[in-house]
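Below is work.cif, which holds mmCIF, C-alpha atoms and all ligand atoms.
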```cif
data_upload
loop_
_atom_site.group_PDB
_atom_site.id
_atom_site.type_symbol
_atom_site.label_atom_id
_atom_site.label_comp_id
_atom_site.auth_asym_id
_atom_site.auth_seq_id
_atom_site.Cartn_x
_atom_site.Cartn_y
_atom_site.Cartn_z
ATOM 1 C CA MET C 1 -8.161 18.943 12.555
ATOM 2 C CA ASP C 2 -6.374 17.355 15.514
ATOM 3 C CA ARG C 3 -6.221 13.843 14.219
ATOM 4 C CA THR C 4 -3.880 11.472 16.020
ATOM 5 C CA VAL C 5 -1.872 9.524 13.478
ATOM 6 C CA ARG C 6 -0.307 6.386 14.868
ATOM 7 C CA ILE C 7 2.806 5.450 12.902
ATOM 8 C CA ILE C 8 3.295 1.682 12.720
ATOM 9 C CA GLY C 9 6.541 0.475 11.159
ATOM 10 C CA ALA C 10 6.349 -2.863 9.343
ATOM 11 C CA PRO C 11 9.917 -3.522 8.163
ATOM 12 C CA MET C 12 8.974 -6.562 6.121
ATOM 13 C CA ASP C 13 11.023 -7.727 3.152
ATOM 14 C CA TYR C 14 9.838 -11.333 2.860
ATOM 15 C CA GLY C 15 7.399 -10.450 0.082
ATOM 16 C CA ALA C 16 9.852 -8.663 -2.214
ATOM 17 C CA ASN C 17 12.370 -9.818 -4.775
ATOM 18 C CA ARG C 18 15.167 -7.599 -3.434
ATOM 19 C CA ARG C 19 16.431 -7.113 0.110
ATOM 20 C CA GLY C 20 16.462 -3.628 1.586
ATOM 21 C CA VAL C 21 12.791 -2.566 1.881
ATOM 22 C CA ASP C 22 13.019 -3.535 5.549
ATOM 23 C CA MET C 23 14.871 -0.229 6.012
ATOM 24 C CA GLY C 24 11.952 1.732 4.564
ATOM 25 C CA PRO C 25 10.348 2.737 7.875
ATOM 26 C CA SER C 26 13.598 4.232 9.250
ATOM 27 C CA ALA C 27 14.312 6.073 6.025
ATOM 28 C CA ILE C 28 10.819 7.590 5.898
ATOM 29 C CA ARG C 29 10.983 8.636 9.556
ATOM 30 C CA TYR C 30 14.434 10.129 8.961
ATOM 31 C CA ALA C 31 12.911 12.176 6.123
ATOM 32 C CA ASP C 32 10.919 14.261 8.647
ATOM 33 C CA LEU C 33 7.661 12.337 8.495
ATOM 34 C CA ALA C 34 6.541 13.514 11.946
ATOM 35 C CA ASP C 35 7.244 17.189 11.092
ATOM 36 C CA GLY C 36 5.308 16.902 7.858
ATOM 37 C CA LEU C 37 2.332 15.374 9.647
ATOM 38 C CA GLU C 38 2.380 18.168 12.229
ATOM 39 C CA GLN C 39 2.469 20.757 9.467
ATOM 40 C CA ALA C 40 -0.563 19.005 8.014
ATOM 41 C CA GLY C 41 -2.355 19.584 11.319
ATOM 42 C CA ALA C 42 -2.119 16.000 12.572
ATOM 43 C CA VAL C 43 -0.680 14.743 15.853
ATOM 44 C CA PRO C 44 1.826 11.971 15.094
ATOM 45 C CA VAL C 45 2.489 9.239 17.644
ATOM 46 C CA ASP C 46 5.185 6.737 16.766
ATOM 47 C CA ASP C 47 4.607 3.123 17.752
ATOM 48 C CA GLY C 48 8.025 2.006 16.520
ATOM 49 C CA ASP C 49 8.423 -1.110 14.403
ATOM 50 C CA LEU C 50 6.723 -4.472 14.608
ATOM 51 C CA SER C 51 9.334 -7.150 15.158
ATOM 52 C CA MET C 52 9.910 -9.427 12.202
ATOM 53 C CA PRO C 53 10.262 -13.178 12.560
ATOM 54 C CA ARG C 54 13.526 -14.685 11.423
ATOM 55 C CA ALA C 55 13.026 -16.879 8.392
ATOM 56 C CA GLU C 56 14.561 -20.298 8.779
ATOM 57 C CA GLU C 57 15.933 -20.171 5.265
ATOM 58 C CA ARG C 58 16.781 -16.916 3.496
ATOM 59 C CA ASP C 59 17.284 -18.564 0.129
ATOM 60 C CA PRO C 60 14.064 -17.444 -1.564
ATOM 61 C CA ASP C 61 14.248 -20.358 -3.984
ATOM 62 C CA ALA C 62 14.270 -22.865 -1.169
ATOM 63 C CA ASP C 63 10.988 -24.657 -0.592
ATOM 64 C CA GLN C 64 8.883 -22.886 1.988
ATOM 65 C CA PRO C 65 7.041 -25.658 3.822
ATOM 66 C CA SER C 66 3.623 -26.380 2.240
ATOM 67 C CA ARG C 67 3.184 -22.866 0.908
ATOM 68 C CA GLY C 68 2.952 -23.478 -2.810
ATOM 69 C CA ASN C 69 4.372 -20.775 -5.037
ATOM 70 C CA ALA C 70 4.398 -18.061 -2.399
ATOM 71 C CA LYS C 71 7.775 -17.415 -0.840
ATOM 72 C CA PHE C 72 7.993 -16.897 2.937
ATOM 73 C CA LEU C 73 4.215 -17.112 3.262
ATOM 74 C CA ARG C 74 4.431 -18.367 6.851
ATOM 75 C CA GLU C 75 6.507 -15.373 7.961
ATOM 76 C CA ILE C 76 4.258 -12.982 6.052
ATOM 77 C CA GLU C 77 1.153 -14.466 7.643
ATOM 78 C CA ASP C 78 2.659 -14.021 11.139
ATOM 79 C CA VAL C 79 3.503 -10.368 10.522
ATOM 80 C CA CYS C 80 0.206 -9.538 8.849
ATOM 81 C CA ARG C 81 -1.857 -11.085 11.656
ATOM 82 C CA LEU C 82 0.035 -8.907 14.134
ATOM 83 C CA LEU C 83 -0.279 -5.818 11.966
ATOM 84 C CA SER C 84 -3.964 -6.444 11.377
ATOM 85 C CA ASP C 85 -4.630 -6.501 15.145
ATOM 86 C CA ARG C 86 -2.561 -3.355 15.619
ATOM 87 C CA VAL C 87 -4.455 -1.491 12.875
ATOM 88 C CA ALA C 88 -7.826 -2.622 14.230
ATOM 89 C CA SER C 89 -7.011 -1.580 17.815
ATOM 90 C CA THR C 90 -5.660 1.787 16.637
ATOM 91 C CA LEU C 91 -8.961 2.456 14.879
ATOM 92 C CA ALA C 92 -10.923 1.267 17.920
ATOM 93 C CA ASP C 93 -9.001 3.866 19.980
ATOM 94 C CA GLY C 94 -10.172 6.572 17.577
ATOM 95 C CA GLU C 95 -6.738 7.029 16.016
ATOM 96 C CA PHE C 96 -5.528 6.827 12.430
ATOM 97 C CA PRO C 97 -3.230 3.918 11.496
ATOM 98 C CA LEU C 98 -0.354 4.888 9.186
ATOM 99 C CA VAL C 99 1.644 1.804 8.238
ATOM 100 C CA LEU C 100 5.193 2.182 6.919
ATOM 101 C CA GLY C 101 6.474 -0.712 4.811
ATOM 102 C CA GLY C 102 8.233 -2.785 4.080
ATOM 103 C CA ASP C 103 7.131 -4.477 0.920
ATOM 104 C CA HIS C 104 3.534 -4.382 -0.327
ATOM 105 C CA SER C 105 2.583 -7.701 1.309
ATOM 106 C CA VAL C 106 2.041 -5.660 4.519
ATOM 107 C CA ALA C 107 -1.160 -4.366 2.908
ATOM 108 C CA ILE C 108 -2.761 -7.729 3.739
ATOM 109 C CA GLY C 109 -2.361 -6.761 7.395
ATOM 110 C CA SER C 110 -3.459 -3.148 7.055
ATOM 111 C CA LEU C 111 -6.491 -4.006 4.926
ATOM 112 C CA THR C 112 -7.765 -6.886 7.048
ATOM 113 C CA GLY C 113 -7.340 -4.713 10.153
ATOM 114 C CA SER C 114 -9.017 -1.677 8.646
ATOM 115 C CA ALA C 115 -11.909 -3.645 7.101
ATOM 116 C CA ARG C 116 -12.778 -5.468 10.335
ATOM 117 C CA ALA C 117 -15.274 -2.906 11.597
ATOM 118 C CA ALA C 118 -16.171 -0.958 8.445
ATOM 119 C CA GLU C 119 -17.200 -1.226 4.826
ATOM 120 C CA LEU C 120 -13.924 -0.239 3.206
ATOM 121 C CA GLY C 121 -13.007 1.326 -0.147
ATOM 122 C CA VAL C 122 -9.410 1.309 -1.396
ATOM 123 C CA LEU C 123 -7.295 3.654 -3.512
ATOM 124 C CA TRP C 124 -4.342 1.617 -4.781
ATOM 125 C CA PHE C 125 -1.544 3.796 -6.219
ATOM 126 C CA ASP C 126 0.863 1.461 -7.963
ATOM 127 C CA ALA C 127 2.578 0.590 -11.226
ATOM 128 C CA HIS C 128 1.508 -3.003 -10.524
ATOM 129 C CA ALA C 129 -1.854 -4.671 -9.955
ATOM 130 C CA ASP C 130 -0.615 -6.877 -7.074
ATOM 131 C CA CYS C 131 -3.460 -9.348 -7.553
ATOM 132 C CA ASN C 132 -1.570 -12.508 -8.462
ATOM 133 C CA THR C 133 -2.363 -15.622 -6.474
ATOM 134 C CA PRO C 134 0.188 -18.267 -5.482
ATOM 135 C CA GLU C 135 -1.232 -20.178 -8.472
ATOM 136 C CA THR C 136 -0.819 -17.373 -11.049
ATOM 137 C CA SER C 137 2.268 -15.533 -9.793
ATOM 138 C CA PRO C 138 5.198 -15.608 -12.207
ATOM 139 C CA THR C 139 7.637 -14.873 -9.372
ATOM 140 C CA GLY C 140 6.259 -16.290 -6.125
ATOM 141 C CA ASN C 141 6.820 -12.885 -4.472
ATOM 142 C CA VAL C 142 3.906 -12.131 -2.158
ATOM 143 C CA HIS C 143 4.206 -8.347 -2.645
ATOM 144 C CA GLY C 144 2.629 -9.065 -6.037
ATOM 145 C CA MET C 145 -0.399 -10.758 -4.390
ATOM 146 C CA PRO C 146 -1.933 -8.691 -1.542
ATOM 147 C CA LEU C 147 -5.159 -7.709 -3.326
ATOM 148 C CA ALA C 148 -5.906 -11.298 -4.352
ATOM 149 C CA ALA C 149 -5.281 -12.375 -0.764
ATOM 150 C CA VAL C 150 -7.668 -9.868 0.818
ATOM 151 C CA LEU C 151 -10.313 -10.614 -1.824
ATOM 152 C CA GLY C 152 -10.148 -14.306 -1.002
ATOM 153 C CA ARG C 153 -8.861 -15.341 -4.437
ATOM 154 C CA GLY C 154 -6.328 -18.171 -4.567
ATOM 155 C CA THR C 155 -5.000 -20.274 -1.710
ATOM 156 C CA PHE C 156 -2.791 -18.574 0.872
ATOM 157 C CA GLY C 157 -1.866 -21.417 3.188
ATOM 158 C CA ASP C 158 -4.216 -23.684 5.091
ATOM 159 C CA THR C 159 -6.103 -21.146 7.231
ATOM 160 C CA GLU C 160 -8.415 -18.283 6.287
ATOM 161 C CA TRP C 161 -6.225 -15.469 7.556
ATOM 162 C CA ALA C 162 -6.058 -13.163 4.540
ATOM 163 C CA PRO C 163 -9.585 -12.306 3.311
ATOM 164 C CA ALA C 164 -10.750 -8.885 4.573
ATOM 165 C CA THR C 165 -14.326 -9.002 5.884
ATOM 166 C CA GLY C 166 -15.652 -5.473 5.259
ATOM 167 C CA LEU C 167 -13.696 -4.882 2.085
ATOM 168 C CA CYS C 168 -15.993 -3.674 -0.690
ATOM 169 C CA GLU C 169 -14.725 -5.079 -3.994
ATOM 170 C CA SER C 170 -16.605 -2.560 -6.159
ATOM 171 C CA ALA C 171 -14.943 0.268 -4.195
ATOM 172 C CA ILE C 172 -11.376 -0.847 -4.919
ATOM 173 C CA VAL C 173 -9.762 1.503 -7.411
ATOM 174 C CA TYR C 174 -6.331 1.311 -9.000
ATOM 175 C CA VAL C 175 -4.658 4.506 -10.109
ATOM 176 C CA GLY C 176 -1.659 4.541 -12.437
ATOM 177 C CA LEU C 177 -1.235 0.892 -13.478
ATOM 178 C CA ARG C 178 1.303 0.140 -16.198
ATOM 179 C CA SER C 179 2.647 -3.345 -15.513
ATOM 180 C CA ILE C 180 0.053 -6.112 -15.346
ATOM 181 C CA ASP C 181 0.671 -9.843 -15.651
ATOM 182 C CA GLU C 182 -1.521 -11.821 -18.050
ATOM 183 C CA ARG C 183 -3.480 -13.673 -15.355
ATOM 184 C CA GLU C 184 -3.904 -10.455 -13.347
ATOM 185 C CA ARG C 185 -5.570 -8.914 -16.393
ATOM 186 C CA THR C 186 -8.157 -11.703 -16.372
ATOM 187 C CA LEU C 187 -8.728 -11.359 -12.643
ATOM 188 C CA ILE C 188 -9.271 -7.586 -12.925
ATOM 189 C CA ARG C 189 -11.667 -7.970 -15.879
ATOM 190 C CA ASP C 190 -13.698 -10.603 -14.026
ATOM 191 C CA SER C 191 -13.749 -8.568 -10.823
ATOM 192 C CA GLU C 192 -15.778 -5.562 -9.691
ATOM 193 C CA MET C 193 -12.646 -3.463 -9.208
ATOM 194 C CA THR C 194 -11.968 -0.333 -11.268
ATOM 195 C CA ALA C 195 -8.579 0.191 -12.899
ATOM 196 C CA PHE C 196 -7.342 3.594 -14.057
ATOM 197 C CA THR C 197 -4.112 3.032 -15.966
ATOM 198 C CA MET C 198 -1.389 5.483 -16.964
ATOM 199 C CA SER C 199 -3.182 5.819 -20.319
ATOM 200 C CA ASP C 200 -6.249 7.166 -18.508
ATOM 201 C CA ILE C 201 -4.019 9.704 -16.767
ATOM 202 C CA ASP C 202 -2.411 10.617 -20.132
ATOM 203 C CA ARG C 203 -5.766 11.230 -21.757
ATOM 204 C CA ARG C 204 -7.794 12.777 -18.951
ATOM 205 C CA GLY C 205 -5.227 14.233 -16.585
ATOM 206 C CA ILE C 206 -4.599 13.210 -12.991
ATOM 207 C CA SER C 207 -7.215 15.549 -11.482
ATOM 208 C CA ALA C 208 -10.161 14.127 -13.432
ATOM 209 C CA VAL C 209 -9.001 10.560 -12.790
ATOM 210 C CA ILE C 210 -8.581 11.037 -9.046
ATOM 211 C CA GLU C 211 -12.006 12.669 -8.694
ATOM 212 C CA ASP C 212 -13.608 9.618 -10.356
ATOM 213 C CA ALA C 213 -11.495 7.275 -8.257
ATOM 214 C CA LEU C 214 -12.610 9.050 -5.065
ATOM 215 C CA THR C 215 -16.249 8.853 -6.063
ATOM 216 C CA ILE C 216 -16.028 5.096 -6.685
ATOM 217 C CA ALA C 217 -13.990 4.358 -3.536
ATOM 218 C CA THR C 218 -16.394 6.276 -1.294
ATOM 219 C CA ASP C 219 -19.609 4.968 -2.845
ATOM 220 C CA GLY C 220 -21.403 2.895 -0.213
ATOM 221 C CA THR C 221 -18.361 2.665 2.067
ATOM 222 C CA ASP C 222 -17.590 3.970 5.571
ATOM 223 C CA GLY C 223 -14.068 5.023 4.694
ATOM 224 C CA VAL C 224 -11.126 4.660 2.359
ATOM 225 C CA HIS C 225 -7.752 2.987 2.735
ATOM 226 C CA VAL C 226 -4.939 4.583 0.727
ATOM 227 C CA SER C 227 -2.195 2.201 -0.364
ATOM 228 C CA LEU C 228 0.782 4.083 -1.773
ATOM 229 C CA ASP C 229 3.474 2.014 -3.504
ATOM 230 C CA LEU C 230 6.344 4.359 -4.342
ATOM 231 C CA ASP C 231 6.896 2.602 -7.677
ATOM 232 C CA TRP C 232 3.672 4.360 -8.712
ATOM 233 C CA LEU C 233 5.930 7.336 -9.492
ATOM 234 C CA ASP C 234 8.304 7.444 -12.390
ATOM 235 C CA PRO C 235 11.664 5.854 -11.454
ATOM 236 C CA ARG C 236 13.443 9.110 -12.308
ATOM 237 C CA THR C 237 11.582 10.665 -9.381
ATOM 238 C CA ALA C 238 11.492 7.582 -7.146
ATOM 239 C CA PRO C 239 14.581 5.455 -7.900
ATOM 240 C CA GLY C 240 14.634 3.682 -4.516
ATOM 241 C CA VAL C 241 12.198 0.860 -5.293
ATOM 242 C CA GLY C 242 12.740 -2.837 -6.048
ATOM 243 C CA THR C 243 10.495 -3.148 -9.094
ATOM 244 C CA PRO C 244 10.757 0.135 -11.065
ATOM 245 C CA VAL C 245 8.644 0.570 -14.218
ATOM 246 C CA ARG C 246 9.175 3.414 -16.664
ATOM 247 C CA GLY C 247 6.406 5.868 -17.442
ATOM 248 C CA GLY C 248 5.006 6.594 -13.989
ATOM 249 C CA VAL C 249 3.395 9.727 -12.594
ATOM 250 C CA THR C 250 5.445 12.855 -12.054
ATOM 251 C CA TYR C 251 6.224 14.556 -8.763
ATOM 252 C CA ARG C 252 3.491 17.146 -9.324
ATOM 253 C CA GLU C 253 0.873 14.606 -10.447
ATOM 254 C CA ALA C 254 1.515 12.578 -7.310
ATOM 255 C CA HIS C 255 1.065 15.580 -5.028
ATOM 256 C CA ALA C 256 -2.023 16.676 -6.958
ATOM 257 C CA ALA C 257 -3.665 13.273 -6.461
ATOM 258 C CA LEU C 258 -2.933 13.066 -2.752
ATOM 259 C CA GLU C 259 -3.947 16.691 -2.147
ATOM 260 C CA ALA C 260 -7.246 15.893 -3.840
ATOM 261 C CA ILE C 261 -7.755 13.087 -1.327
ATOM 262 C CA SER C 262 -7.111 15.469 1.567
ATOM 263 C CA ARG C 263 -9.599 17.990 0.167
ATOM 264 C CA ARG C 264 -12.281 15.322 -0.122
ATOM 265 C CA ASP C 265 -11.390 14.203 3.396
ATOM 266 C CA GLU C 266 -11.801 17.741 4.770
ATOM 267 C CA ALA C 267 -15.273 17.875 3.257
ATOM 268 C CA ASP C 268 -16.517 14.335 3.916
ATOM 269 C CA ASP C 269 -14.150 12.691 6.413
ATOM 270 C CA ILE C 270 -13.304 9.778 4.131
ATOM 271 C CA LEU C 271 -9.773 8.726 5.155
ATOM 272 C CA ARG C 272 -9.586 5.677 7.410
ATOM 273 C CA SER C 273 -6.119 4.113 7.073
ATOM 274 C CA MET C 274 -3.007 4.253 4.898
ATOM 275 C CA ASP C 275 0.129 2.375 4.035
ATOM 276 C CA VAL C 276 3.269 3.659 2.363
ATOM 277 C CA VAL C 277 5.345 0.853 0.926
ATOM 278 C CA GLU C 278 8.254 -0.383 -1.199
ATOM 279 C CA VAL C 279 10.815 2.305 -0.314
ATOM 280 C CA ASN C 280 14.204 0.590 -0.662
ATOM 281 C CA PRO C 281 16.996 2.773 0.785
ATOM 282 C CA ILE C 282 19.723 0.501 -0.628
ATOM 283 C CA LEU C 283 18.601 1.336 -4.149
ATOM 284 C CA ASP C 284 17.808 4.980 -3.373
ATOM 285 C CA GLU C 285 19.814 8.088 -4.175
ATOM 286 C CA GLY C 286 20.396 10.316 -1.147
ATOM 287 C CA ASN C 287 17.143 9.174 0.509
ATOM 288 C CA GLU C 288 15.099 10.992 -2.141
ATOM 289 C CA THR C 289 12.462 8.259 -2.448
ATOM 290 C CA ALA C 290 11.899 8.169 1.314
ATOM 291 C CA THR C 291 11.717 11.983 1.313
ATOM 292 C CA LEU C 292 9.115 11.811 -1.401
ATOM 293 C CA ALA C 293 7.170 9.200 0.586
ATOM 294 C CA SER C 294 7.230 11.496 3.606
ATOM 295 C CA GLU C 295 6.101 14.547 1.598
ATOM 296 C CA LEU C 296 3.314 12.692 -0.164
ATOM 297 C CA THR C 297 2.031 11.393 3.162
ATOM 298 C CA ALA C 298 1.928 14.958 4.509
ATOM 299 C CA SER C 299 -0.023 16.017 1.401
ATOM 300 C CA THR C 300 -2.543 13.249 2.032
ATOM 301 C CA PHE C 301 -3.163 14.573 5.540
ATOM 302 C CA GLY C 302 -3.659 18.110 4.292
ATOM 303 C CA LYS C 303 -0.291 19.860 4.072
ATOM 304 C CA ARG C 304 -0.589 22.645 1.490
ATOM 305 C CA ILE C 305 1.836 24.936 -0.318
ATOM 306 C CA LEU C 306 0.038 28.081 0.854
HETATM 307 N N1 LIG J 401 4.370 -4.419 -4.821
HETATM 308 C C1 LIG J 401 5.114 -4.632 -5.903
HETATM 309 N N2 LIG J 401 6.185 -3.891 -6.132
HETATM 310 N N3 LIG J 401 4.751 -5.613 -6.725
HETATM 311 C C2 LIG J 401 5.457 -6.010 -7.899
HETATM 312 C C3 LIG J 401 4.835 -7.231 -8.507
HETATM 313 C C4 LIG J 401 5.538 -7.665 -9.763
HETATM 314 C C5 LIG J 401 4.910 -8.864 -10.464
HETATM 315 N N4 LIG J 401 3.612 -8.550 -10.951
HETATM 316 C C6 LIG J 401 4.864 -10.072 -9.537
HETATM 317 O O1 LIG J 401 3.848 -10.639 -9.303
HETATM 318 O O2 LIG J 401 5.868 -10.477 -9.032
HETATM 319 MN MN MN J 402 4.416 -1.693 -7.449
HETATM 320 MN MN MN J 403 2.621 -2.751 -5.080
#
```
How does the structure come out when it is put into structure tokens?
Amino acid sequence: MDRTVRIIGAPMDYGANRRGVDMGPSAIRYADLADGLEQAGAVPVDDGDLSMPRAEERDPDADQPSRGNAKFLREIEDVCRLLSDRVASTLADGEFPLVLGGDHSVAIGSLTGSARAAELGVLWFDAHADCNTPETSPTGNVHGMPLAAVLGRGTFGDTEWAPATGLCESAIVYVGLRSIDERERTLIRDSEMTAFTMSDIDRRGISAVIEDALTIATDGTDGVHVSLDLDWLDPRTAPGVGTPVRGGVTYREAHAALEAISRRDEADDILRSMDVVEVNPILDEGNETATLASELTASTFGKRIL
């Protein structure tokens, strides 16, 4: 399929606890992303990076004006508004938006953009649930909050910039969770989202879990957004991330899951948008996490072994 994939770099690090994820887009490009996409049968077009605002104060503990317990929320809002418009216009042009993070707060931009003109399901591959609000977050880091923001939970500043209109809560599916804060647990239980944890993968295997996840994410929706946080994988395989958690999926399980998405996409045309986030080259070993991010993206678009 000759799908045009527009690569949009979002070198944001205002939402993370560690500096360095702003270099993620370069590292993933350097790891032959465009080649991999071509081998998958896509036509990559690189938009370059969105420019990031300069924060007035880089001390993350400094008070961010009227933003509650959400560090750099003003900067994150600016970037996500821009990204959201870029994702929406890419889709309107009939192209596929592929967003390279940056920390996971960029998903507020990709999701609001992608859900503007469609009922949207989400596959969220992550060790973390990322559904804290400024009120519940133990850290104040916005990369732990994007799903709450797009679902309209909690208060993210004074304007309604974060909720995603066409987002279908019952079609949001987590895959591979293993680190959930207490208040996130309550939010998930009281929500319509589905959470497959690492225990589900242990018991049922990745293939059965991903088939169920695909069925839920596509039920009643026009398309699916894939959000891939590299800390979904085990830190032995993906060391270049800011918030590693032991006991993640293996290299093969990750490819199996994303290949399953591409097979479903070949049959039913389900893929709408994607972001690949949290690659931190400063913490990486020989760019292996960025390489993995690049390979897994190619698998999602249909690159096969044979
Ligand atoms: N996208 C991520 N790596 N998120 C990590 C979030 C960690 C923790 N739950 C927090 O709220 O701070
Ligand atoms: Mn994570
Ligand atoms: Mn995340």
TODO: Choose the residue, out of C:Asp103, C:Glu285, C:Glu135, C:Asp49, that has the smallest atom-to-atom separation from Glu184 (chain C); count all atoms listed in the file.
DONE: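 For Glu184 (chain C), the nearest of the given residues is C:Glu135.
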Task: Picked residues, the PyMOL selection byres (((chain C and resi 147-157) around 10) and not hetatm), as a PyMOL selection string - done: chain C and resi 65-70+73-74+77+104-105+107-109+111-112+115+124+129-136+142-146+158-165+167-169+172+184+187-188+191
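Counting only C-alpha atoms, Ser51 (chain C) has the following residues at most 10 Å away, ignoring those fewer than 4 positions along the same chain: Gly9, Ala10, Pro11, Met12, Val79 and Leu82 of chain C.
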Selection to disk with C-alpha atoms, as a PDB file, in the frame of the given file:
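Heads up, here's the output in selection-v2.pdb:
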```
ATOM      1  CA  GLY C   9       6.541   0.475  11.159  1.00  0.00           C
ATOM      2  CA  ALA C  10       6.349  -2.863   9.343  1.00  0.00           C
ATOM      3  CA  PRO C  11       9.917  -3.522   8.163  1.00  0.00           C
ATOM      4  CA  MET C  12       8.974  -6.562   6.121  1.00  0.00           C
ATOM      5  CA  VAL C  79       3.503 -10.368  10.522  1.00  0.00           C
ATOM      6  CA  LEU C  82       0.035  -8.907  14.134  1.00  0.00           C
TER       7      LEU C  82
END
```
Task: Who sits within 12 Å of Asp93 (chain C), only C-alpha atoms, same chain under 4 positions skipped, as a VMD selection string - done: chain C and resid 3 to 6 86 to 89 97
Open item on the list: Please enumerate the residues selected by the PyMOL selection byres (((not hetatm)) within 7 of (chain J and resi 402)) when evaluated against the supplied file, formatted as a ChimeraX atom specification.
Closed with: /C:126-128,229,231-232,243
- [ ] Have a look at C:Ala213, C:Ala254, C:Ile180, C:Ile201 and name the one nearest to ligand MN 403 (chain J); count only C-alpha atoms and all ligand atoms.
- [x] C:Ile180
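When all atoms listed in the file are used to compute distances to ligand LIG 401 (chain J), the closest of the residues C:Glu295, C:Glu38, C:Asp181, C:Asp13 turns out to be C:Asp181.
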